[in-house]
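Dropping protein.txt in here (compact mmCIF, C-alpha atoms):
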```
# COMPACT_ATOMS: atom_id res chain seq x y z
CA MET G 1 13.21 -2.19 -15.26
CA GLU G 2 13.24 1.60 -15.24
CA TRP G 3 14.60 3.87 -12.60
CA LEU G 4 11.69 5.25 -10.64
CA PRO G 5 11.28 8.98 -10.17
CA PRO G 6 13.65 9.95 -7.38
CA SER G 7 11.00 10.29 -4.71
CA PHE G 8 10.04 7.77 -2.07
CA VAL G 9 6.70 7.50 -0.32
CA PHE G 10 5.07 5.12 2.09
CA GLN G 11 1.92 5.17 4.17
CA LEU G 12 0.78 3.95 7.53
CA PRO G 13 -2.14 1.51 7.45
CA GLU G 14 -5.52 3.17 7.15
CA TRP G 15 -6.76 1.94 10.51
CA ILE G 16 -4.10 3.92 12.35
CA ALA G 17 -5.12 7.49 11.46
CA PRO G 18 -8.21 7.61 13.70
CA ARG G 19 -6.15 6.09 16.50
CA LEU G 20 -3.66 8.95 16.33
CA GLU G 21 -6.18 11.78 16.57
CA LYS G 22 -6.67 13.61 19.82
CA ILE G 23 -4.35 11.50 21.91
CA PRO G 24 -4.30 12.98 25.40
CA PRO G 25 -0.91 13.45 27.06
CA PHE G 26 -0.03 10.22 28.83
CA PRO G 27 1.54 11.11 32.17
CA THR G 28 3.31 7.77 32.77
CA ASP G 29 5.75 5.59 30.88
CA THR G 30 3.43 2.64 31.42
CA GLU G 31 0.54 4.36 29.67
CA ARG G 32 2.74 5.32 26.72
CA MET G 33 4.07 1.79 26.40
CA GLN G 34 0.57 0.36 26.66
CA PHE G 35 -0.45 2.62 23.78
CA VAL G 36 2.45 1.28 21.72
CA ILE G 37 1.68 -2.35 22.54
CA ASP G 38 -1.94 -1.78 21.53
CA LEU G 39 -0.74 -0.54 18.13
CA ALA G 40 1.51 -3.60 17.73
CA ARG G 41 -1.34 -5.94 18.62
CA GLU G 42 -3.68 -4.23 16.19
CA ASN G 43 -1.05 -4.35 13.43
CA VAL G 44 -0.93 -8.12 13.93
CA ALA G 45 -4.69 -8.64 14.28
CA ARG G 46 -5.40 -6.65 11.11
CA ARG G 47 -2.51 -8.34 9.27
CA THR G 48 -0.96 -5.03 8.22
CA GLY G 49 2.61 -5.85 9.21
CA GLY G 50 4.94 -7.43 11.74
CA PRO G 51 4.43 -7.63 15.52
CA PHE G 52 6.17 -4.38 16.37
CA ALA G 53 5.14 -0.78 17.06
CA ALA G 54 6.86 2.34 18.34
CA ALA G 55 6.01 5.91 19.27
CA VAL G 56 7.70 9.17 20.19
CA PHE G 57 6.44 11.31 23.07
CA ASP G 58 7.92 14.57 24.28
CA PHE G 59 9.10 15.33 27.82
CA SER G 60 5.55 16.26 28.88
CA GLY G 61 4.01 13.05 27.58
CA ALA G 62 2.55 14.74 24.51
CA PHE G 63 2.29 12.46 21.50
CA ILE G 64 4.64 13.24 18.60
CA SER G 65 4.51 10.27 16.21
CA ALA G 66 3.92 6.54 15.89
CA GLY G 67 5.02 3.72 13.64
CA VAL G 68 4.21 0.10 13.04
CA ASN G 69 6.28 -2.50 11.26
CA LEU G 70 5.58 -2.29 7.51
CA VAL G 71 8.24 -4.63 6.08
CA VAL G 72 5.84 -7.05 4.42
CA PRO G 73 3.05 -4.70 3.22
CA GLU G 74 5.54 -2.10 1.93
CA GLN G 75 7.97 -4.77 0.69
CA ASN G 76 10.80 -2.88 2.37
CA SER G 77 13.27 -4.22 4.93
CA VAL G 78 14.02 -0.72 6.26
CA LEU G 79 10.50 0.01 7.49
CA HIS G 80 10.73 -1.30 11.04
CA ALA G 81 8.39 0.31 13.56
CA GLU G 82 11.06 2.48 15.20
CA ILE G 83 12.35 3.75 11.84
CA VAL G 84 8.80 4.63 10.80
CA ALA G 85 8.10 6.45 14.08
CA LEU G 86 11.36 8.41 13.87
CA LEU G 87 10.87 9.37 10.21
CA PHE G 88 7.49 10.86 11.13
CA ALA G 89 8.80 12.49 14.31
CA HIS G 90 11.49 14.37 12.39
CA GLN G 91 8.98 15.31 9.70
CA ARG G 92 6.66 16.69 12.34
CA VAL G 93 9.15 18.66 14.42
CA LYS G 94 11.04 19.80 11.31
CA SER G 95 14.45 19.02 12.76
CA TYR G 96 16.98 16.24 12.37
CA SER G 97 17.32 16.11 16.13
CA LEU G 98 14.51 15.52 18.61
CA ASP G 99 16.60 16.74 21.54
CA ALA G 100 15.08 20.21 21.75
CA LEU G 101 11.70 18.73 22.68
CA GLY G 102 13.16 16.22 25.13
CA CYS G 103 11.67 13.30 23.23
CA ASP G 104 11.63 9.64 24.22
CA LEU G 105 11.20 6.61 21.94
CA TYR G 106 8.91 3.80 23.11
CA SER G 107 9.25 0.47 21.31
CA SER G 108 7.16 -2.64 21.86
CA CYS G 109 10.36 -4.73 21.70
CA ASP G 110 14.12 -4.33 22.17
CA PRO G 111 15.42 -2.68 19.00
CA CYS G 112 17.30 -4.51 16.28
CA ALA G 113 20.77 -3.29 15.31
CA MET G 114 19.41 -0.84 12.74
CA CYS G 115 16.83 0.67 15.06
CA LEU G 116 19.26 0.92 17.98
CA GLY G 117 21.54 2.96 15.73
CA ALA G 118 18.63 5.08 14.52
CA THR G 119 17.64 5.76 18.13
CA PHE G 120 21.09 7.16 18.77
CA TRP G 121 21.04 9.56 15.79
CA SER G 122 17.52 10.77 16.46
CA GLY G 123 18.45 12.78 19.54
CA VAL G 124 15.93 11.15 21.89
CA ARG G 125 16.91 11.28 25.57
CA ARG G 126 15.41 7.90 26.46
CA LEU G 127 14.72 4.57 24.76
CA LEU G 128 12.04 2.46 26.44
CA CYS G 129 11.44 -1.13 25.33
CA GLY G 130 8.68 -3.66 26.03
CA ALA G 131 9.47 -7.26 25.14
CA PRO G 132 13.10 -8.40 25.48
CA ARG G 133 15.18 -9.43 22.50
CA GLU G 134 14.61 -13.09 23.35
CA ALA G 135 10.87 -12.75 22.78
CA ALA G 136 11.57 -11.68 19.20
CA THR G 137 14.17 -14.37 18.56
CA GLU G 138 11.92 -17.05 20.06
CA ALA G 139 9.25 -15.94 17.59
CA GLY G 140 11.75 -16.43 14.75
CA PHE G 141 13.04 -12.88 14.24
CA ASP G 142 16.75 -12.15 14.20
CA GLU G 143 17.72 -8.92 15.97
CA GLY G 144 21.13 -8.54 14.38
CA PRO G 145 24.45 -7.39 15.85
CA VAL G 146 23.28 -5.86 19.13
CA PHE G 147 25.60 -6.46 22.06
CA PRO G 148 25.61 -5.33 25.71
CA GLN G 149 28.19 -2.70 24.72
CA SER G 150 25.76 -1.35 22.11
CA TYR G 151 23.42 -0.28 24.92
CA GLN G 152 26.40 0.91 26.95
CA TYR G 153 27.48 3.10 24.04
CA LEU G 154 24.11 4.86 24.08
CA GLN G 155 24.05 5.23 27.85
CA ASP G 156 27.61 6.60 27.93
CA ARG G 157 26.40 9.33 25.57
CA GLY G 158 23.40 10.29 27.63
CA VAL G 159 20.62 8.09 26.24
CA THR G 160 18.82 6.37 29.10
CA VAL G 161 17.63 2.86 28.26
CA VAL G 162 14.70 1.23 30.06
CA ARG G 163 13.84 -2.37 29.19
CA ARG G 164 11.10 -4.89 29.97
CA LEU G 165 8.41 -2.23 30.47
CA CYS G 166 5.00 -3.96 30.36
CA GLU G 167 6.86 -7.12 29.37
CA PRO G 168 3.95 -9.61 29.73
CA GLN G 169 1.63 -7.59 27.48
CA ALA G 170 4.47 -6.96 25.02
CA ARG G 171 5.26 -10.67 24.80
CA GLU G 172 1.59 -11.43 24.16
CA VAL G 173 1.83 -9.72 20.76
CA PHE G 174 4.34 -12.31 19.54
CA ARG G 175 2.10 -15.14 20.68
CA LEU G 176 -0.78 -13.66 18.71
CA TYR G 177 1.47 -13.32 15.65
CA ARG G 178 2.45 -16.98 15.81
CA GLN G 179 -1.15 -18.00 16.43
CA LEU G 180 -2.19 -16.18 13.25
CA ASP G 181 0.72 -17.68 11.28
CA GLY G 182 2.30 -14.28 10.69
CA GLU G 183 5.15 -14.20 8.17
CA ILE G 184 8.69 -14.43 9.55
CA TYR G 185 10.53 -12.17 7.15
CA ASN G 186 14.08 -12.66 8.29
CA GLY G 187 15.98 -10.18 6.27
CA HIS G 188 18.87 -12.30 5.31
CA PRO G 189 18.28 -15.89 4.33
CA PRO G 190 21.63 -17.67 4.01
CA LEU G 191 22.94 -17.02 0.52
CA HIS G 192 26.31 -18.68 0.85
CA PRO G 193 26.84 -22.05 2.49
CA PRO G 194 29.11 -21.55 5.49
CA ASP G 195 32.08 -23.15 3.76
CA SER G 196 31.87 -21.13 0.54
CA PRO G 197 34.83 -18.89 -0.30
CA GLN G 198 34.45 -15.30 0.86
CA MET Q 1 1.10 21.11 16.12
CA GLU Q 2 -1.18 18.76 14.17
CA TRP Q 3 -0.52 15.18 13.26
CA LEU Q 4 0.45 15.06 9.64
CA PRO Q 5 -1.37 12.77 7.23
CA PRO Q 6 0.07 9.32 7.76
CA SER Q 7 2.20 9.29 4.66
CA PHE Q 8 5.89 10.04 4.40
CA VAL Q 9 7.72 11.27 1.34
CA PHE Q 10 11.21 12.45 0.53
CA GLN Q 11 13.09 13.23 -2.64
CA LEU Q 12 16.60 12.90 -3.93
CA PRO Q 13 18.24 16.19 -4.98
CA GLU Q 14 17.28 17.34 -8.46
CA TRP Q 15 20.80 17.07 -9.81
CA ILE Q 16 20.88 13.32 -9.29
CA ALA Q 17 18.11 12.21 -11.68
CA PRO Q 18 20.09 12.81 -14.89
CA ARG Q 19 23.06 11.05 -13.30
CA LEU Q 20 21.00 7.92 -12.78
CA GLU Q 21 19.71 7.56 -16.32
CA LYS Q 22 21.25 5.07 -18.65
CA ILE Q 23 24.00 3.88 -16.35
CA PRO Q 24 25.89 1.11 -18.13
CA PRO Q 25 26.65 -2.05 -16.20
CA PHE Q 26 29.91 -1.53 -14.35
CA PRO Q 27 31.90 -4.75 -14.55
CA THR Q 28 34.21 -4.08 -11.61
CA ASP Q 29 33.80 -3.22 -7.95
CA THR Q 30 36.20 -0.32 -8.45
CA GLU Q 31 34.02 1.27 -11.10
CA ARG Q 32 30.92 0.91 -8.95
CA MET Q 33 32.66 2.44 -5.95
CA GLN Q 34 34.01 5.25 -8.09
CA PHE Q 35 30.45 5.99 -9.20
CA VAL Q 36 29.37 6.15 -5.55
CA ILE Q 37 32.25 8.39 -4.53
CA ASP Q 38 31.41 10.73 -7.43
CA LEU Q 39 27.86 11.03 -6.05
CA ALA Q 40 29.17 11.77 -2.55
CA ARG Q 41 31.52 14.44 -3.90
CA GLU Q 42 28.75 16.05 -5.90
CA ASN Q 43 26.41 16.00 -2.89
CA VAL Q 44 29.05 17.97 -1.01
CA ALA Q 45 29.96 20.34 -3.83
CA ARG Q 46 26.30 21.20 -4.47
CA ARG Q 47 25.60 21.44 -0.72
CA THR Q 48 22.66 19.06 -0.88
CA GLY Q 49 23.64 16.92 2.10
CA GLY Q 50 26.41 15.19 4.00
CA PRO Q 51 29.60 13.64 2.55
CA PHE Q 52 28.16 10.18 1.99
CA ALA Q 53 26.66 8.24 -0.91
CA ALA Q 54 25.67 4.63 -1.55
CA ALA Q 55 24.35 2.48 -4.37
CA VAL Q 56 23.00 -1.01 -5.00
CA PHE Q 57 24.13 -3.07 -7.99
CA ASP Q 58 23.01 -6.57 -8.86
CA PHE Q 59 25.28 -9.58 -9.41
CA SER Q 60 25.88 -8.59 -13.04
CA GLY Q 61 26.88 -5.02 -12.21
CA ALA Q 62 23.55 -3.58 -13.32
CA PHE Q 63 22.53 -0.48 -11.42
CA ILE Q 64 19.56 -0.84 -9.07
CA SER Q 65 19.44 2.29 -6.90
CA ALA Q 66 21.46 5.08 -5.33
CA GLY Q 67 21.25 7.34 -2.31
CA VAL Q 68 23.01 10.35 -0.89
CA ASN Q 69 22.97 11.62 2.66
CA LEU Q 70 19.91 13.86 3.14
CA VAL Q 71 19.94 14.44 6.91
CA VAL Q 72 20.26 18.23 6.76
CA PRO Q 73 18.13 19.06 3.68
CA GLU Q 74 15.33 16.67 4.70
CA GLN Q 75 15.74 17.50 8.43
CA ASN Q 76 15.72 13.79 9.18
CA SER Q 77 18.35 11.80 11.05
CA VAL Q 78 17.27 8.52 9.43
CA LEU Q 79 18.10 9.53 5.88
CA HIS Q 80 21.69 8.34 5.66
CA ALA Q 81 22.94 7.43 2.18
CA GLU Q 82 22.72 3.67 2.68
CA ILE Q 83 19.17 3.87 4.08
CA VAL Q 84 18.13 5.99 1.10
CA ALA Q 85 19.72 3.60 -1.40
CA LEU Q 86 18.11 0.56 0.26
CA LEU Q 87 14.64 2.16 0.48
CA PHE Q 88 14.79 2.80 -3.27
CA ALA Q 89 16.24 -0.63 -4.03
CA HIS Q 90 13.36 -2.39 -2.28
CA GLN Q 91 10.86 -0.08 -3.96
CA ARG Q 92 12.34 -0.91 -7.32
CA VAL Q 93 12.61 -4.69 -7.00
CA LYS Q 94 9.29 -4.89 -5.13
CA SER Q 95 10.64 -7.20 -2.46
CA TYR Q 96 11.77 -6.80 1.14
CA SER Q 97 14.83 -8.87 0.32
CA LEU Q 98 17.39 -8.12 -2.37
CA ASP Q 99 18.82 -11.64 -2.23
CA ALA Q 100 17.04 -12.96 -5.30
CA LEU Q 101 18.94 -10.52 -7.52
CA GLY Q 102 22.28 -11.14 -5.81
CA CYS Q 103 22.62 -7.47 -4.90
CA ASP Q 104 25.60 -5.73 -3.33
CA LEU Q 105 25.63 -2.44 -1.40
CA TYR Q 106 28.44 0.03 -2.11
CA SER Q 107 28.95 2.81 0.42
CA SER Q 108 31.43 5.65 0.20
CA CYS Q 109 32.28 5.11 3.89
CA ASP Q 110 32.09 2.38 6.53
CA PRO Q 111 28.48 2.25 7.68
CA CYS Q 112 27.23 3.67 10.97
CA ALA Q 113 25.45 1.35 13.41
CA MET Q 114 22.04 2.01 11.84
CA CYS Q 115 23.22 1.40 8.29
CA LEU Q 116 25.19 -1.71 9.19
CA GLY Q 117 21.99 -3.15 10.64
CA ALA Q 118 20.01 -2.07 7.59
CA THR Q 119 22.55 -3.78 5.34
CA PHE Q 120 21.95 -7.02 7.17
CA TRP Q 121 18.13 -6.90 6.80
CA SER Q 122 18.25 -5.90 3.15
CA GLY Q 123 19.43 -9.28 1.91
CA VAL Q 124 22.48 -8.01 0.03
CA ARG Q 125 25.24 -10.57 -0.37
CA ARG Q 126 28.12 -8.09 -0.08
CA LEU Q 127 28.80 -4.76 1.62
CA LEU Q 128 31.63 -2.75 0.06
CA CYS Q 129 32.93 0.38 1.78
CA GLY Q 130 35.23 3.20 0.67
CA ALA Q 131 36.61 5.41 3.44
CA PRO Q 132 37.27 3.77 6.82
CA ARG Q 133 35.33 4.70 9.93
CA GLU Q 134 38.24 6.83 11.12
CA ALA Q 135 37.89 9.15 8.14
CA ALA Q 136 34.32 9.94 9.23
CA THR Q 137 35.20 10.37 12.89
CA GLU Q 138 38.19 12.57 12.03
CA ALA Q 139 35.79 14.76 10.09
CA GLY Q 140 33.60 15.04 13.20
CA PHE Q 141 30.97 12.38 12.54
CA ASP Q 142 30.18 9.74 15.13
CA GLU Q 143 29.58 6.26 13.69
CA GLY Q 144 27.81 4.83 16.71
CA PRO Q 145 28.02 1.38 18.31
CA VAL Q 146 29.83 -0.56 15.56
CA PHE Q 147 32.34 -3.11 16.84
CA PRO Q 148 34.56 -5.71 15.16
CA GLN Q 149 32.00 -8.35 16.15
CA SER Q 150 29.31 -6.36 14.30
CA TYR Q 151 31.10 -7.08 11.02
CA GLN Q 152 31.76 -10.64 12.16
CA TYR Q 153 28.04 -11.10 12.78
CA LEU Q 154 27.31 -10.18 9.17
CA GLN Q 155 30.08 -12.34 7.77
CA ASP Q 156 29.03 -15.34 9.87
CA ARG Q 157 25.62 -15.05 8.21
CA GLY Q 158 26.95 -14.94 4.69
CA VAL Q 159 27.39 -11.20 4.04
CA THR Q 160 30.84 -10.57 2.62
CA VAL Q 161 32.36 -7.27 3.75
CA VAL Q 162 35.02 -5.46 1.71
CA ARG Q 163 36.54 -2.30 3.15
CA ARG Q 164 38.90 0.46 2.03
CA LEU Q 165 37.94 0.18 -1.63
CA CYS Q 166 39.18 3.32 -3.43
CA GLU Q 167 40.11 4.67 -0.01
CA PRO Q 168 42.13 7.73 -1.15
CA GLN Q 169 39.33 9.05 -3.36
CA ALA Q 170 36.75 8.26 -0.68
CA ARG Q 171 38.73 10.17 1.94
CA GLU Q 172 38.98 13.16 -0.39
CA VAL Q 173 35.22 13.74 -0.06
CA PHE Q 174 35.60 14.45 3.66
CA ARG Q 175 38.39 16.92 2.98
CA LEU Q 176 36.15 18.77 0.53
CA TYR Q 177 33.32 18.82 3.08
CA ARG Q 178 35.57 20.39 5.71
CA GLN Q 179 36.97 22.84 3.18
CA LEU Q 180 33.42 23.99 2.38
CA ASP Q 181 32.50 24.20 6.09
CA GLY Q 182 29.87 21.49 5.77
CA GLU Q 183 27.58 21.06 8.77
CA ILE Q 184 28.52 18.35 11.29
CA TYR Q 185 25.09 17.11 12.32
CA ASN Q 186 26.03 14.75 15.07
CA GLY Q 187 22.78 13.10 15.91
CA HIS Q 188 23.03 13.17 19.61
CA PRO Q 189 24.41 16.25 21.30
CA PRO Q 190 24.91 15.55 24.99
CA LEU Q 191 21.59 16.16 26.73
CA HIS Q 192 22.52 15.04 30.20
CA PRO Q 193 25.72 16.03 31.95
CA PRO Q 194 27.74 12.88 32.59
CA ASP Q 195 26.97 12.92 36.31
CA SER Q 196 23.21 13.31 35.99
CA PRO Q 197 21.04 10.52 37.41
CA GLN Q 198 20.04 7.87 34.87
```
Starting from the file, give its structure as structure tokens.
Amino acid sequence: MEWLPPSFVFQLPEWIAPRLEKIPPFPTDTERMQFVIDLARENVARRTGGPFAAAVFDFSGAFISAGVNLVVPEQNSVLHAEIVALLFAHQRVKSYSLDALGCDLYSSCDPCAMCLGATFWSGVRRLLCGAPREAATEAGFDEGPVFPQSYQYLQDRGVTVVRRLCEPQAREVFRLYRQLDGEIYNGHPPLHPPDSPQ
Amino acid sequence: MEWLPPSFVFQLPEWIAPRLEKIPPFPTDTERMQFVIDLARENVARRTGGPFAAAVFDFSGAFISAGVNLVVPEQNSVLHAEIVALLFAHQRVKSYSLDALGCDLYSSCDPCAMCLGATFWSGVRRLLCGAPREAATEAGFDEGPVFPQSYQYLQDRGVTVVRRLCEPQAREVFRLYRQLDGEIYNGHPPLHPPDSPQ
């Protein structure tokens, strides 16, 4: 197995490009979240990834970037929807902080531990979530070490968190995923039996 | 500002490619961590990113992938060393889980909240860290919402965590970074005054 050239590339599914052209500014949080949930649903229906999507909008409601979960198609545990959306947002605004544009991150579900941390570093002023954590865990996804004080940490540092926005529609995406027998790609199958030496 | 083509690409610094050729298996954790700390030091000395590096080795000590912090050069808050190393590791083994190879992640410093979460999803069996969290915070870096129960969560699910491996050498990298006036790119400058409405 050779070391690959030291560059990394991934792509969004082909169906998404036309959906991201000429997006009008969405004046309300509800419209932005509905847009995100639609992407999540389409990602499931077209079988191009997990039941999660995210997008970044600036303070005026102008669209900056979007992401869908690509773990299975890209064979990469890092490529959660929020990570994908943030990677593109930084690429587009050419800055490692989105604070200058007053950006907000919309996610179709409460973030996992990785994505909650990524939200914090990205410089967004608000994190808005659709389905609650329990909807993901009920569907078989672990969300990792996220605790009430994780959200408190963000809020204490100026990141406003809004949860359960468009919750019924956001939950519907998980039902569709189960209905279509979508893969549950829990990152960490147990490798050691609980009583093995550490 | 136009939407970029829906592909994302980044590169490791040019100096790293020759360093990643023909790496012999390192039989001990100390040798693997020393390799990682050398990468972090070189990333600082060459001014190609922050004072952090990471690498993935398989159960036999064979090298899988490496990453250095690229936040400033790539203008992207997501590109921490561990994220970079894991993205490449998945690319190389062509799987969203590294568990089949019995991989371990070596990081020159305790992981931030994002990277701790990413470690969990990656399927590594062990996380080994060099400098403690305090070394990063003393240098001016926030580490985000990581709590003792965050590590416990990983360990309860079979991920062994080893900290303060080669600590003195790992701490030295932060001293060099300060000495060279390296940029402190704290992800989230305060956007709202503490008394602003949430």
CA of Cys129 in chain Q to CA of Pro25 in chain Q, distance in Å rounded to a single decimal =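 Separation of CA of Cys129 in chain Q and CA of Pro25 in chain Q: 19.2 Å.
Residues surrounding range 68-82 of chain G within 6 Å are Gly49, Gly50, Phe52, Ala53 and Ala54 of chain G; His90, Lys94, Ser95, Tyr96, Trp121 and Ser122 of chain Q [all atoms listed in the file; sequence separation below 5 positions excluded].
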Let me see the file: selected residues, C-alpha atoms, as a PDB file, keeping the file's coordinate frame.
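selection-v5.pdb, written as the output of this step:
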```pdb
ATOM      1  CA  GLY G  49       2.610  -5.850   9.210  1.00  0.00           C
ATOM      2  CA  GLY G  50       4.940  -7.430  11.740  1.00  0.00           C
ATOM      3  CA  PHE G  52       6.170  -4.380  16.370  1.00  0.00           C
ATOM      4  CA  ALA G  53       5.140  -0.780  17.060  1.00  0.00           C
ATOM      5  CA  ALA G  54       6.860   2.340  18.340  1.00  0.00           C
TER       6      ALA G  54
ATOM      7  CA  HIS Q  90      13.360  -2.390  -2.280  1.00  0.00           C
ATOM      8  CA  LYS Q  94       9.290  -4.890  -5.130  1.00  0.00           C
ATOM      9  CA  SER Q  95      10.640  -7.200  -2.460  1.00  0.00           C
ATOM     10  CA  TYR Q  96      11.770  -6.800   1.140  1.00  0.00           C
ATOM     11  CA  TRP Q 121      18.130  -6.900   6.800  1.00  0.00           C
ATOM     12  CA  SER Q 122      18.250  -5.900   3.150  1.00  0.00           C
TER      13      SER Q 122
END
```
Counting all atoms listed in the file, what is within 12 Å of range 163-167 of chain Q, bar same-chain residues fewer than 6 positions away, as a ChimeraX atom specification?
-> /Q:28-38,105-111,126-135,151,173-174
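Closest to Phe10 in chain Q among G:Leu87, G:Arg47, G:Ser60, G:Glu42 is G:Leu87, based on all atoms listed in the file.
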So which one's closest to chain Q, G:Phe147, G:Phe8, G:Trp15, G:Phe59? Using only C-alpha atoms, please.
->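 Among G:Phe147, G:Phe8, G:Trp15, G:Phe59, it is G:Phe8 that comes nearest to chain Q.
Closest approach to Cys115 in chain Q among Q:Gln179, Q:Ser150, Q:Gln155, Q:Asn43 is made by Q:Ser150 (distances from only C-alpha atoms).
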